[in-house]
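Colleague: upload.pdb is reproduced below (PDB, C-alpha atoms, pLDDT in the B column).
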```
ATOM      1  CA  GLY T   1       3.848 -10.164 -10.098  1.00 69.00           C
ATOM      2  CA  ALA T   2       4.979 -11.802  -6.874  1.00 83.00           C
ATOM      3  CA  VAL T   3       2.412 -13.476  -4.633  1.00 92.00           C
ATOM      4  CA  VAL T   4       1.849 -12.513  -1.012  1.00 95.00           C
ATOM      5  CA  SER T   5      -0.702 -14.318   1.112  1.00 96.00           C
ATOM      6  CA  GLN T   6      -2.213 -13.353   4.430  1.00 97.00           C
ATOM      7  CA  HIS T   7      -4.186 -15.292   7.002  1.00 97.00           C
ATOM      8  CA  PRO T   8      -6.807 -14.988   8.286  1.00 97.00           C
ATOM      9  CA  SER T   9      -8.775 -12.812   5.888  1.00 96.00           C
ATOM     10  CA  TRP T  10     -11.068 -11.701   8.679  1.00 96.00           C
ATOM     11  CA  VAL T  11     -11.289 -12.221  12.412  1.00 97.00           C
ATOM     12  CA  ILE T  12     -13.637 -11.185  15.181  1.00 97.00           C
ATOM     13  CA  CYS T  13     -12.315 -11.220  18.710  1.00 96.00           C
ATOM     14  CA  LYS T  14     -13.349 -10.039  22.128  1.00 97.00           C
ATOM     15  CA  SER T  15     -11.778  -7.065  23.807  1.00 97.00           C
ATOM     16  CA  GLY T  16      -8.702  -8.040  25.790  1.00 97.00           C
ATOM     17  CA  THR T  17      -7.747 -11.039  23.699  1.00 97.00           C
ATOM     18  CA  SER T  18      -4.825 -11.362  21.274  1.00 97.00           C
ATOM     19  CA  VAL T  19      -4.930 -12.021  17.567  1.00 98.00           C
ATOM     20  CA  LYS T  20      -2.146 -13.279  15.307  1.00 98.00           C
ATOM     21  CA  ILE T  21      -2.009 -12.426  11.611  1.00 98.00           C
ATOM     22  CA  GLU T  22       0.335 -14.180   9.198  1.00 98.00           C
ATOM     23  CA  CYS T  23       1.941 -12.781   6.063  1.00 97.00           C
ATOM     24  CA  ARG T  24       3.694 -15.129   3.655  1.00 96.00           C
ATOM     25  CA  SER T  25       5.661 -14.632   0.469  1.00 95.00           C
ATOM     26  CA  LEU T  26       4.753 -17.607  -1.700  1.00 95.00           C
ATOM     27  CA  ASP T  27       7.162 -17.469  -4.620  1.00 92.00           C
ATOM     28  CA  PHE T  28      10.086 -15.438  -3.351  1.00 92.00           C
ATOM     29  CA  GLN T  29      12.102 -14.820  -0.237  1.00 92.00           C
ATOM     30  CA  ALA T  30      11.668 -11.585   1.671  1.00 92.00           C
ATOM     31  CA  THR T  31      14.164 -10.323   4.213  1.00 91.00           C
ATOM     32  CA  THR T  32      11.874  -7.356   4.756  1.00 94.00           C
ATOM     33  CA  MET T  33       8.109  -7.163   4.979  1.00 95.00           C
ATOM     34  CA  PHE T  34       5.915  -4.219   5.896  1.00 96.00           C
ATOM     35  CA  TRP T  35       2.762  -4.012   7.964  1.00 97.00           C
ATOM     36  CA  TYR T  36       0.139  -1.359   7.265  1.00 96.00           C
ATOM     37  CA  ARG T  37      -3.162  -0.426   8.819  1.00 96.00           C
ATOM     38  CA  GLN T  38      -5.995   1.086   6.817  1.00 93.00           C
ATOM     39  CA  PHE T  39      -9.073   2.649   8.381  1.00 91.00           C
ATOM     40  CA  PRO T  40     -12.229   3.052   6.257  1.00 88.00           C
ATOM     41  CA  LYS T  41     -11.827   5.540   3.439  1.00 86.00           C
ATOM     42  CA  GLN T  42      -8.300   6.382   4.518  1.00 89.00           C
ATOM     43  CA  SER T  43      -4.837   5.782   3.193  1.00 90.00           C
ATOM     44  CA  LEU T  44      -2.361   3.098   4.165  1.00 91.00           C
ATOM     45  CA  MET T  45      -0.439   3.904   7.310  1.00 92.00           C
ATOM     46  CA  LEU T  46       2.842   2.088   7.820  1.00 93.00           C
ATOM     47  CA  MET T  47       2.984   0.482  11.236  1.00 96.00           C
ATOM     48  CA  ALA T  48       6.324  -1.296  11.167  1.00 96.00           C
ATOM     49  CA  THR T  49       9.050  -2.878   9.102  1.00 95.00           C
ATOM     50  CA  SER T  50       9.539  -6.565   9.738  1.00 95.00           C
ATOM     51  CA  ASN T  51      13.161  -7.688   9.425  1.00 92.00           C
ATOM     52  CA  GLU T  52      14.094 -11.333   9.121  1.00 91.00           C
ATOM     53  CA  GLY T  53      16.361 -12.373  11.950  1.00 88.00           C
ATOM     54  CA  SER T  54      16.228  -9.081  13.816  1.00 90.00           C
ATOM     55  CA  LYS T  55      13.849  -6.763  15.626  1.00 92.00           C
ATOM     56  CA  ALA T  56      11.121  -4.958  13.803  1.00 94.00           C
ATOM     57  CA  THR T  57      11.327  -1.224  13.222  1.00 94.00           C
ATOM     58  CA  TYR T  58       8.217   0.595  14.399  1.00 96.00           C
ATOM     59  CA  GLU T  59       6.865   3.874  13.095  1.00 94.00           C
ATOM     60  CA  GLN T  60       6.380   6.752  15.464  1.00 93.00           C
ATOM     61  CA  GLY T  61       3.276   6.378  17.552  1.00 94.00           C
ATOM     62  CA  VAL T  62       2.957   2.607  17.091  1.00 96.00           C
ATOM     63  CA  GLU T  63       3.241   0.683  20.352  1.00 94.00           C
ATOM     64  CA  LYS T  64       5.751  -2.101  19.895  1.00 93.00           C
ATOM     65  CA  ASP T  65       4.519  -3.948  22.971  1.00 95.00           C
ATOM     66  CA  LYS T  66       0.997  -3.976  21.630  1.00 96.00           C
ATOM     67  CA  PHE T  67       1.778  -4.920  18.044  1.00 97.00           C
ATOM     68  CA  LEU T  68       4.291  -7.742  18.228  1.00 97.00           C
ATOM     69  CA  ILE T  69       6.078  -8.613  15.020  1.00 96.00           C
ATOM     70  CA  ASN T  70       8.077 -11.751  14.399  1.00 94.00           C
ATOM     71  CA  HIS T  71       9.867 -12.457  11.133  1.00 93.00           C
ATOM     72  CA  ALA T  72      10.803 -16.053  11.760  1.00 86.00           C
ATOM     73  CA  SER T  73      11.807 -17.042   8.248  1.00 92.00           C
ATOM     74  CA  LEU T  74      12.432 -15.590   4.813  1.00 93.00           C
ATOM     75  CA  THR T  75       8.826 -16.266   3.847  1.00 95.00           C
ATOM     76  CA  LEU T  76       6.833 -15.557   6.988  1.00 96.00           C
ATOM     77  CA  SER T  77       6.134 -12.557   9.170  1.00 97.00           C
ATOM     78  CA  THR T  78       3.510 -12.465  11.904  1.00 97.00           C
ATOM     79  CA  LEU T  79       1.743  -9.545  13.545  1.00 98.00           C
ATOM     80  CA  THR T  80       0.156 -10.159  16.926  1.00 98.00           C
ATOM     81  CA  VAL T  81      -2.279  -7.594  18.249  1.00 98.00           C
ATOM     82  CA  THR T  82      -2.157  -8.028  21.996  1.00 97.00           C
ATOM     83  CA  SER T  83      -4.929  -7.057  24.395  1.00 97.00           C
ATOM     84  CA  ALA T  84      -7.048  -5.895  21.499  1.00 97.00           C
ATOM     85  CA  HIS T  85      -9.553  -3.086  21.991  1.00 96.00           C
ATOM     86  CA  PRO T  86     -12.368  -1.874  19.742  1.00 96.00           C
ATOM     87  CA  GLU T  87     -10.200   1.003  18.483  1.00 95.00           C
ATOM     88  CA  ASP T  88      -7.813  -1.614  17.059  1.00 96.00           C
ATOM     89  CA  SER T  89     -10.537  -2.681  14.647  1.00 96.00           C
ATOM     90  CA  SER T  90      -9.135  -2.031  11.203  1.00 96.00           C
ATOM     91  CA  PHE T  91      -7.865  -3.551   7.973  1.00 96.00           C
ATOM     92  CA  TYR T  92      -4.336  -4.865   8.476  1.00 97.00           C
ATOM     93  CA  ILE T  93      -2.328  -5.518   5.352  1.00 96.00           C
ATOM     94  CA  CYS T  94       1.229  -6.583   4.664  1.00 96.00           C
ATOM     95  CA  THR T  95       3.510  -6.017   1.716  1.00 95.00           C
ATOM     96  CA  ALA T  96       6.617  -7.729   0.466  1.00 93.00           C
ATOM     97  CA  GLY T  97       8.568  -7.873  -2.739  1.00 89.00           C
ATOM     98  CA  PRO T  98      11.495  -9.687  -4.326  1.00 86.00           C
ATOM     99  CA  GLU T  99      13.247  -6.422  -5.091  1.00 83.00           C
ATOM    100  CA  TYR T 100      12.090  -2.824  -4.909  1.00 82.00           C
ATOM    101  CA  GLU T 101       8.513  -3.525  -5.935  1.00 86.00           C
ATOM    102  CA  GLN T 102       6.048  -4.168  -3.132  1.00 89.00           C
ATOM    103  CA  TYR T 103       3.060  -6.475  -3.482  1.00 91.00           C
ATOM    104  CA  PHE T 104       0.160  -6.499  -1.082  1.00 93.00           C
ATOM    105  CA  GLY T 105      -1.283  -9.408   0.783  1.00 95.00           C
ATOM    106  CA  PRO T 106      -5.085  -9.689   0.658  1.00 95.00           C
ATOM    107  CA  GLY T 107      -5.441  -8.057   4.067  1.00 96.00           C
ATOM    108  CA  THR T 108      -7.035  -9.052   7.361  1.00 97.00           C
ATOM    109  CA  ARG T 109     -10.135  -7.322   8.610  1.00 96.00           C
ATOM    110  CA  LEU T 110     -10.037  -7.285  12.407  1.00 97.00           C
ATOM    111  CA  THR T 111     -13.143  -6.521  14.413  1.00 97.00           C
ATOM    112  CA  VAL T 112     -12.810  -6.254  18.176  1.00 97.00           C
ATOM    113  CA  THR T 113     -16.073  -6.451  20.084  1.00 97.00           C
TER
ATOM    114  CA  GLY U 114      11.183  11.407   6.206  1.00 83.00           C
ATOM    115  CA  GLU U 115       9.363  11.296   2.929  1.00 88.00           C
ATOM    116  CA  ASN U 116       6.009  13.055   2.573  1.00 93.00           C
ATOM    117  CA  VAL U 117       3.721  12.378  -0.381  1.00 96.00           C
ATOM    118  CA  GLU U 118       0.757  14.589  -1.204  1.00 97.00           C
ATOM    119  CA  GLN U 119      -1.938  13.503  -3.649  1.00 98.00           C
ATOM    120  CA  HIS U 120      -4.637  15.479  -5.461  1.00 98.00           C
ATOM    121  CA  PRO U 121      -7.509  15.465  -6.012  1.00 98.00           C
ATOM    122  CA  SER U 122      -9.066  13.410  -3.240  1.00 97.00           C
ATOM    123  CA  THR U 123     -12.094  12.676  -5.411  1.00 97.00           C
ATOM    124  CA  LEU U 124     -12.501  12.752  -9.156  1.00 98.00           C
ATOM    125  CA  SER U 125     -15.573  12.135 -11.258  1.00 98.00           C
ATOM    126  CA  VAL U 126     -15.315  11.803 -15.031  1.00 98.00           C
ATOM    127  CA  GLN U 127     -17.575  10.774 -17.868  1.00 98.00           C
ATOM    128  CA  GLU U 128     -16.865   7.422 -19.463  1.00 98.00           C
ATOM    129  CA  GLY U 129     -14.410   7.894 -22.309  1.00 98.00           C
ATOM    130  CA  ASP U 130     -12.837  11.014 -20.846  1.00 98.00           C
ATOM    131  CA  SER U 131      -9.339  11.155 -19.383  1.00 98.00           C
ATOM    132  CA  ALA U 132      -8.451  11.269 -15.705  1.00 98.00           C
ATOM    133  CA  VAL U 133      -5.309  12.742 -14.191  1.00 98.00           C
ATOM    134  CA  ILE U 134      -4.106  12.297 -10.618  1.00 98.00           C
ATOM    135  CA  LYS U 135      -1.114  14.210  -9.330  1.00 98.00           C
ATOM    136  CA  CYS U 136       1.360  13.564  -6.525  1.00 98.00           C
ATOM    137  CA  THR U 137       4.237  15.517  -5.075  1.00 98.00           C
ATOM    138  CA  TYR U 138       7.002  14.190  -2.882  1.00 97.00           C
ATOM    139  CA  SER U 139       9.499  15.825  -0.581  1.00 96.00           C
ATOM    140  CA  ASP U 140      12.585  13.590  -0.464  1.00 94.00           C
ATOM    141  CA  SER U 141      14.923  14.128  -3.391  1.00 93.00           C
ATOM    142  CA  ALA U 142      16.436  10.708  -2.661  1.00 92.00           C
ATOM    143  CA  SER U 143      13.230   8.983  -3.769  1.00 94.00           C
ATOM    144  CA  ASN U 144      13.718   7.115  -7.027  1.00 93.00           C
ATOM    145  CA  TYR U 145      10.789   4.734  -7.342  1.00 94.00           C
ATOM    146  CA  PHE U 146       7.165   5.789  -7.821  1.00 96.00           C
ATOM    147  CA  PRO U 147       4.450   3.136  -8.076  1.00 95.00           C
ATOM    148  CA  TRP U 148       0.716   3.575  -8.489  1.00 97.00           C
ATOM    149  CA  TYR U 149      -1.814   1.235  -6.913  1.00 96.00           C
ATOM    150  CA  LYS U 150      -5.503   0.682  -7.601  1.00 97.00           C
ATOM    151  CA  GLN U 151      -7.714  -0.455  -4.751  1.00 95.00           C
ATOM    152  CA  GLU U 152     -11.235  -1.668  -5.342  1.00 94.00           C
ATOM    153  CA  LEU U 153     -13.691  -1.770  -2.472  1.00 90.00           C
ATOM    154  CA  GLY U 154     -12.776  -4.427   0.084  1.00 86.00           C
ATOM    155  CA  LYS U 155      -9.767  -5.636  -1.873  1.00 90.00           C
ATOM    156  CA  ARG U 156      -6.017  -5.278  -1.679  1.00 91.00           C
ATOM    157  CA  PRO U 157      -4.223  -2.521  -3.596  1.00 93.00           C
ATOM    158  CA  GLN U 158      -2.915  -3.750  -6.917  1.00 93.00           C
ATOM    159  CA  LEU U 159       0.207  -2.376  -8.574  1.00 93.00           C
ATOM    160  CA  ILE U 160      -0.886  -0.934 -11.930  1.00 96.00           C
ATOM    161  CA  ILE U 161       2.180   0.938 -13.119  1.00 96.00           C
ATOM    162  CA  ASP U 162       5.450   2.242 -11.754  1.00 95.00           C
ATOM    163  CA  ILE U 163       8.325   4.443 -12.825  1.00 94.00           C
ATOM    164  CA  ARG U 164      11.898   4.903 -11.766  1.00 91.00           C
ATOM    165  CA  SER U 165      13.651   8.229 -11.753  1.00 84.00           C
ATOM    166  CA  ASN U 166      15.810   7.531 -14.774  1.00 83.00           C
ATOM    167  CA  VAL U 167      12.684   7.611 -16.931  1.00 82.00           C
ATOM    168  CA  GLY U 168      10.393  10.575 -17.558  1.00 91.00           C
ATOM    169  CA  GLU U 169       7.350   8.735 -18.811  1.00 94.00           C
ATOM    170  CA  LYS U 170       6.014   5.210 -18.983  1.00 95.00           C
ATOM    171  CA  LYS U 171       2.913   3.940 -20.705  1.00 96.00           C
ATOM    172  CA  ASP U 172       0.919   0.732 -20.525  1.00 95.00           C
ATOM    173  CA  GLN U 173      -2.120   0.708 -22.789  1.00 96.00           C
ATOM    174  CA  ARG U 174      -4.570   3.288 -21.363  1.00 97.00           C
ATOM    175  CA  ILE U 175      -2.411   4.095 -18.354  1.00 98.00           C
ATOM    176  CA  ALA U 176       0.624   6.345 -18.286  1.00 98.00           C
ATOM    177  CA  VAL U 177       2.783   7.864 -15.594  1.00 98.00           C
ATOM    178  CA  THR U 178       4.937  10.974 -15.947  1.00 97.00           C
ATOM    179  CA  LEU U 179       7.690  12.069 -13.615  1.00 96.00           C
ATOM    180  CA  ASN U 180       9.272  15.478 -13.149  1.00 95.00           C
ATOM    181  CA  LYS U 181      12.155  14.867 -10.787  1.00 93.00           C
ATOM    182  CA  THR U 182      13.214  18.493 -10.712  1.00 93.00           C
ATOM    183  CA  ALA U 183       9.806  19.613  -9.508  1.00 94.00           C
ATOM    184  CA  LYS U 184       9.333  16.458  -7.427  1.00 95.00           C
ATOM    185  CA  HIS U 185       5.988  15.531  -8.861  1.00 95.00           C
ATOM    186  CA  PHE U 186       4.530  12.631 -10.794  1.00 97.00           C
ATOM    187  CA  SER U 187       1.161  11.997 -12.342  1.00 98.00           C
ATOM    188  CA  LEU U 188      -1.095   9.139 -13.366  1.00 98.00           C
ATOM    189  CA  HIS U 189      -2.994   9.512 -16.619  1.00 98.00           C
ATOM    190  CA  ILE U 190      -5.876   7.236 -17.553  1.00 98.00           C
ATOM    191  CA  THR U 191      -7.294   7.685 -21.047  1.00 98.00           C
ATOM    192  CA  GLU U 192     -10.604   6.443 -22.435  1.00 98.00           C
ATOM    193  CA  THR U 193     -11.881   5.763 -18.940  1.00 98.00           C
ATOM    194  CA  GLN U 194     -14.290   2.895 -18.351  1.00 97.00           C
ATOM    195  CA  PRO U 195     -16.645   2.200 -15.427  1.00 96.00           C
ATOM    196  CA  GLU U 196     -14.316  -0.564 -14.234  1.00 96.00           C
ATOM    197  CA  ASP U 197     -11.638   2.073 -13.687  1.00 98.00           C
ATOM    198  CA  SER U 198     -13.706   3.324 -10.743  1.00 98.00           C
ATOM    199  CA  ALA U 199     -11.634   2.700  -7.611  1.00 97.00           C
ATOM    200  CA  VAL U 200      -9.286   4.400  -5.179  1.00 97.00           C
ATOM    201  CA  TYR U 201      -5.849   5.126  -6.564  1.00 98.00           C
ATOM    202  CA  PHE U 202      -2.760   5.577  -4.401  1.00 97.00           C
ATOM    203  CA  CYS U 203       0.598   6.949  -5.403  1.00 97.00           C
ATOM    204  CA  ALA U 204       3.718   6.085  -3.452  1.00 96.00           C
ATOM    205  CA  ALA U 205       7.414   6.843  -3.310  1.00 95.00           C
ATOM    206  CA  SER U 206      10.534   5.099  -2.084  1.00 93.00           C
ATOM    207  CA  SER U 207      14.279   5.177  -2.529  1.00 87.00           C
ATOM    208  CA  GLY U 208      14.035   2.278  -4.942  1.00 81.00           C
ATOM    209  CA  SER U 209      16.436   0.148  -2.955  1.00 82.00           C
ATOM    210  CA  SER U 210      15.496  -3.460  -2.395  1.00 76.00           C
ATOM    211  CA  GLY U 211      13.291  -3.776   0.662  1.00 77.00           C
ATOM    212  CA  ASP U 212      12.802  -0.039   1.188  1.00 86.00           C
ATOM    213  CA  LYS U 213       9.466   1.115   2.560  1.00 89.00           C
ATOM    214  CA  LEU U 214       6.876   2.928   0.497  1.00 91.00           C
ATOM    215  CA  THR U 215       5.319   6.198   1.573  1.00 92.00           C
ATOM    216  CA  PHE U 216       1.768   6.480   0.274  1.00 94.00           C
ATOM    217  CA  GLY U 217      -0.304   9.415  -0.800  1.00 96.00           C
ATOM    218  CA  THR U 218      -3.751   9.946   0.700  1.00 95.00           C
ATOM    219  CA  GLY U 219      -5.588   8.390  -2.222  1.00 96.00           C
ATOM    220  CA  THR U 220      -7.932   9.539  -4.978  1.00 97.00           C
ATOM    221  CA  ARG U 221     -11.416   8.135  -5.309  1.00 97.00           C
ATOM    222  CA  LEU U 222     -12.163   7.965  -9.038  1.00 98.00           C
ATOM    223  CA  ALA U 223     -15.721   7.565 -10.254  1.00 98.00           C
ATOM    224  CA  VAL U 224     -16.356   6.965 -13.946  1.00 98.00           C
ATOM    225  CA  ARG U 225     -19.933   7.805 -14.919  1.00 96.00           C
ATOM    226  CA  PRO U 226     -21.386   5.559 -17.630  1.00 93.00           C
TER
END
```
As structure tokens, how would this structure be written, given the file I've shared?
Modeller:
Amino acid sequence: GAVVSQHPSWVICKSGTSVKIECRSLDFQATTMFWYRQFPKQSLMLMATSNEGSKATYEQGVEKDKFLINHASLTLSTLTVTSAHPEDSSFYICTAGPEYEQYFGPGTRLTVT
Amino acid sequence: GENVEQHPSTLSVQEGDSAVIKCTYSDSASNYFPWYKQELGKRPQLIIDIRSNVGEKKDQRIAVTLNKTAKHFSLHITETQPEDSAVYFCAASSGSSGDKLTFGTGTRLAVRP
């Protein structure tokens, strides 16, 4: 299958600071990538659709000014959690695929203290 | 939008027995139905998928069936092994390139040795 990488794999930050997470497609180009959040023992909740060259599409209830998404190239999308708070602590994971299949990045575990 | 329901939420089987997980979806436009396996602390891995022009697909001990009329699809694992223990997620999408997946709530499968 296609390879999707994500960086960092884990991060601890202080409340009020911002954190940037990168998602890369390594062996294919992706005009669309997806960002999910997964709380412990829960399912994957779609946060937003990252579109190369245009604005991201956010799901209902997701604050676009808090979760900034930039899809700067056909292989890179970034998610920035701004002014992070402890309730933002979660597992953030991206997906991308060369066609209709979606492959997951390894995820980023964010802990806000 | 699409809504995917998954049952059961937990499933415990004896090693060697079969396991069946069922999902229903709401959007008749959905045409692509993947299944993912997520082990603790790891990313979900695509294990099998099916498109709506096919009623059944099999890959060794894993099979997926689709009833498009009834809008439900199922994952069947035969001859279960302890390493099959994980959380399984079903998902649905339109099947178009770059379309988002809607996930079920997950099934925690435990295979007792």
Colleague: Select residues of chain U: the criterion is any atom within 12 Å of an atom of chain T, counting only C-alpha atoms; output as a ChimeraX atom specification.
Modeller: /U:114,117-119,122-123,143-164,199-221
Colleague: Using Å and a single decimal, report how far CA of Lys55 in chain T sits from CA of Pro86 in chain T.
Modeller: 27.0 Å
Colleague: Given the PyMOL selection byres ((chain T and resi 113) around 12) and the file above, list the residues it selects as a ChimeraX atom specification.
Modeller: /T:11-17,83-89,110-112
Colleague: Report the distance between CA of Glu52 in chain T and CA of Tyr138 in chain U in Å, rounded to one decimal place.
Modeller: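 Going from CA of Glu52 in chain T over to CA of Tyr138 in chain U covers 29.1 Å.
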Colleague: Could you pull the residues within 8 Å of His71 in chain T, counting all atoms listed in the file, minus those fewer than 5 positions along the same chain, as a ChimeraX atom specification?
Modeller: /T:50-54,76-78
Colleague: Box along x, y and z, 8 Å on every side, all listed atoms of range 64-81 of chain T inside: centre and edge lengths in Å to one decimal, as JSON.
Modeller:
```
{"center_x": 5.1, "center_y": -9.6, "center_z": 13.4, "size_x": 30.7, "size_y": 30.9, "size_z": 35.1}
```
Colleague: Can I get range 155-171 of chain U with N, CA and C atoms filled in, as a PDB file, in the frame of the given file?
Modeller:
```pdb
ATOM      1  N   LYS U 155     -10.845  -4.804  -1.325  1.00 90.00           N
ATOM      2  CA  LYS U 155      -9.767  -5.636  -1.873  1.00 90.00           C
ATOM      3  C   LYS U 155      -8.396  -5.014  -1.598  1.00 90.00           C
ATOM      4  N   ARG U 156      -7.373  -5.764  -1.878  1.00 91.00           N
ATOM      5  CA  ARG U 156      -6.017  -5.278  -1.679  1.00 91.00           C
ATOM      6  C   ARG U 156      -5.635  -4.309  -2.789  1.00 91.00           C
ATOM      7  N   PRO U 157      -4.741  -3.376  -2.516  1.00 93.00           N
ATOM      8  CA  PRO U 157      -4.223  -2.521  -3.596  1.00 93.00           C
ATOM      9  C   PRO U 157      -3.429  -3.359  -4.591  1.00 93.00           C
ATOM     10  N   GLN U 158      -3.613  -3.041  -5.860  1.00 93.00           N
ATOM     11  CA  GLN U 158      -2.915  -3.750  -6.917  1.00 93.00           C
ATOM     12  C   GLN U 158      -1.988  -2.774  -7.631  1.00 93.00           C
ATOM     13  N   LEU U 159      -0.745  -3.198  -7.840  1.00 93.00           N
ATOM     14  CA  LEU U 159       0.207  -2.376  -8.574  1.00 93.00           C
ATOM     15  C   LEU U 159      -0.235  -2.291 -10.037  1.00 93.00           C
ATOM     16  N   ILE U 160      -0.425  -1.073 -10.551  1.00 96.00           N
ATOM     17  CA  ILE U 160      -0.886  -0.934 -11.930  1.00 96.00           C
ATOM     18  C   ILE U 160       0.194  -0.382 -12.850  1.00 96.00           C
ATOM     19  N   ILE U 161       1.076   0.413 -12.323  1.00 96.00           N
ATOM     20  CA  ILE U 161       2.180   0.938 -13.119  1.00 96.00           C
ATOM     21  C   ILE U 161       3.185   1.570 -12.170  1.00 96.00           C
ATOM     22  N   ASP U 162       4.435   1.596 -12.580  1.00 95.00           N
ATOM     23  CA  ASP U 162       5.450   2.242 -11.754  1.00 95.00           C
ATOM     24  C   ASP U 162       6.499   2.880 -12.643  1.00 95.00           C
ATOM     25  N   ILE U 163       7.291   3.758 -12.058  1.00 94.00           N
ATOM     26  CA  ILE U 163       8.325   4.443 -12.825  1.00 94.00           C
ATOM     27  C   ILE U 163       9.521   4.690 -11.927  1.00 94.00           C
ATOM     28  N   ARG U 164      10.672   4.587 -12.505  1.00 91.00           N
ATOM     29  CA  ARG U 164      11.898   4.903 -11.766  1.00 91.00           C
ATOM     30  C   ARG U 164      12.440   6.231 -12.275  1.00 91.00           C
ATOM     31  N   SER U 165      13.283   6.833 -11.497  1.00 84.00           N
ATOM     32  CA  SER U 165      13.651   8.229 -11.753  1.00 84.00           C
ATOM     33  C   SER U 165      14.520   8.425 -12.979  1.00 84.00           C
ATOM     34  N   ASN U 166      15.002   7.359 -13.572  1.00 83.00           N
ATOM     35  CA  ASN U 166      15.810   7.531 -14.774  1.00 83.00           C
ATOM     36  C   ASN U 166      14.950   7.590 -16.033  1.00 83.00           C
ATOM     37  N   VAL U 167      13.638   7.572 -15.822  1.00 82.00           N
ATOM     38  CA  VAL U 167      12.684   7.611 -16.931  1.00 82.00           C
ATOM     39  C   VAL U 167      11.700   8.744 -16.682  1.00 82.00           C
ATOM     40  N   GLY U 168      11.319   9.465 -17.730  1.00 91.00           N
ATOM     41  CA  GLY U 168      10.393  10.575 -17.558  1.00 91.00           C
ATOM     42  C   GLY U 168       8.941  10.203 -17.780  1.00 91.00           C
ATOM     43  N   GLU U 169       8.722   9.129 -18.523  1.00 94.00           N
ATOM     44  CA  GLU U 169       7.350   8.735 -18.811  1.00 94.00           C
ATOM     45  C   GLU U 169       7.314   7.238 -19.103  1.00 94.00           C
ATOM     46  N   LYS U 170       6.219   6.633 -18.713  1.00 95.00           N
ATOM     47  CA  LYS U 170       6.014   5.210 -18.983  1.00 95.00           C
ATOM     48  C   LYS U 170       4.556   4.990 -19.286  1.00 95.00           C
ATOM     49  N   LYS U 171       4.292   4.156 -20.276  1.00 96.00           N
ATOM     50  CA  LYS U 171       2.913   3.940 -20.705  1.00 96.00           C
ATOM     51  C   LYS U 171       2.609   2.454 -20.798  1.00 96.00           C
TER      52      LYS U 171
END
```
